[in-house]
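Enquirer: Let me give you the structure first, and then I'll get to my questions.
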Amino acid sequence: MKINSPLEAYKFLPGTNCGQCGETSCMAFASHLIDRSLKATDCTPLVTEEKYKKKHGELEALLAPEIREVVIGVGEKAVTIGGDDVLHRHKLTFFNKTAFAYDVWDTMDESEMVERVNKIQDFKKFYVGDFLTLDMIAVRSVSDDPAKFAAAVKKVMETTDFPMVLCSFNPEVLRAGLEVAAEKRPLLYAANKDNWQDVAALAQEFNVPVTVFAPNDLDMLKSMAKTFSENGIEDVVLDPGTFPTGKGLRTTFQNFLKIRRAGINGDRDIAFPIMAVPLTAWLAHDDDVSASYWETVVASVFTIKYGDIMILHSIEPYAQLPQVHIRDTIYTDPRKPVTVDPGVYEVGSPTADSPLLVTTNFALTYYTVESDLSSNGINCYLTAIDTDGIGVEAAVAGGQLTAAKIKKGLEEAGFDMSKLNNNVIVLPGLAARLQGDVEDETGSAVMIGPADSGRLPGWMEQNWPPKK
């Protein structure tokens with residue numbers, strides 16, 4: 001039975017509040033066990049003292065996710081997939097973002113391959129305070145030549161430290177790639193009904209994760225996964241086949257649902273991460289635009305519904321941006337608003353004649369306002385008030401944004417209003433009712449800006465500098 005609350009986890013802890021884990025109490029530590037920000041091994045007495053050995057083992061077992069976690073790669077760029085406990089994100093959250101692996105192939109010109117790998121590893125898009133990036137390289141054997149494949153794998157390793165997927169149904173080709181890259185712990189793709197014994201032997205010999213592939217045959221998929229697991233190969237990824245069009249896409253969707261539902265409901269034989277291959281859209285469409293479009297559609301569908309890792313092809317921005325944005329949205333923890341640190345930030349190069357604007361520390365609000373200001377060349381001070389990550393209108397209504405909090409935010413940021421020649425605070429339009437209270441609390445004049453930060457440039461033209 002799973003542990004789902006801090007109180008349940010607390011029963012297995014020493015209860016001494018020793019603080020060796022960095023938390024003030026065992027109950028605080030237990031809450032971090034539930035949200036997975038800490039592990040049971042972070043409790044020193046639990047690990048080192050013999051009397052807690054049994055509890056430690058029981059706790060580890062009860063905290064283990066329903067879907068097995070599989071690590072691909074080594075070092076800082078290693079990717080962890082799987083690890084979910086729920087079918088629906090709103091019940092808890094989804095852990096471990098879907099890993100995006102973009103392909104190269106062993107018949108490419110070397111310079112072309114290096115250029116493509118660099119584009120994949122250099123991709124990044126700034127969004128709500130963070131950079132959205134890609135994760136992996138899938139090296140495909142098109143030649144079916146072990147020597148050519150090994151050379152391609154070696155060149156990829158020389159170019160990037162991204163984890164790799166080695167793609168071939170020929171065990172000799174996979175062996176050639178592994179002899180070059182085994183220390184990087186790549187994912188093998190794939191074992192099927194014809195080669196599974198040879199591929200299983202490779203996974204055991206080189207101690208690497210492996211994909212089992214049985215297109216639209218869930219019984220075969222489960223049988224292979226169970227066989228691998230019984231033979232000590234537990235880092236398994238399931239590929240039930242990705243059919244990108246029509247009834248095939250519906251069937252693929254249903255297969256993903258069946259696999260994940262069975263895993264979450266306790267069927268350990270199939271409780272493994274699932275691979276989707278949106279790249280198959282390129283086999284179903286003749287022109288690049290249609291193929292890219294449907295690849296993105298398929299990737300979006302299975303980012304939402306249980307795809308833990310994907311192999312993709314198009315590196316055009318119009319294909320990649322929707323993929324990384326929907327992934328970021330789905331894997332944002334719904335229990336925790338995305339926030340920025342409270343404080344007073346400089347936008348551009350503010351002076352003593354620049355305005356001081358107020359917003360909340362909800363990241364989407366803050367970065368929207370900051371972007372509207374900076375993109376229009378408005379030099380100012382922008383204050384993010386700690387509202388527990390709630391937007392302006394809701395924070396005003398709920399009492400998270402008040403005059404007292406604005407005063408406290410300025411004081412804690414060490415911002416002295418006397419450095420401004422105008423001594424004016426600009427509130428967002430949705431916080432207009434706080435005007436009188438803020439003036440009383442701070443002793444500063446208060447102006448009411450627009451409700452929409454996109455209108456700030458026009459508002460500034462008409463209202464700044466303020467009249468004496």
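Residues are named by chain letter and number: chains run A, B, ... in the order of the structure tokens, numbers start at 1 in each chain, and ligands are numbered from 1 in the order shown.
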For Phe256 of chain A, work out the shell of residues within 8 Å, counting only C-alpha atoms and skipping chain neighbours fewer than 5 positions away, then give it as a ChimeraX atom specification.

Expert: /A:240,274,305-307

Enquirer: Could you give me, as a VMD selection string, the residues within 12 Å of segment 4-14 of chain A, counting only C-alpha atoms and dropping anything in the same chain fewer than 5 positions from it?

Expert: chain A and resid 19 to 21 25 to 36 39 to 65 85 to 86 91 to 92

Enquirer: Find the residue from A:Thr93, A:Val396, A:Arg455, A:Ala181 that sits nearest to Gln435 of chain A; use only C-alpha atoms when measuring.

Expert: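 Comparing A:Thr93, A:Val396, A:Arg455, A:Ala181 against Gln435 of chain A, the winner is A:Val396.
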
Enquirer: I need the helix (DSSP H, G or I) residues of segment 252-304 of chain A per DSSP on the backbone, written as a PyMOL selection string.

Expert: chain A and resi 252-264+268-270+278-284+288-304

Enquirer: Taking only C-alpha atoms into account, name the residue in A:Ala190, A:Ala147, A:Leu321, A:Ile259 that is nearest to Val173 of chain A.

Expert: A:Ala147
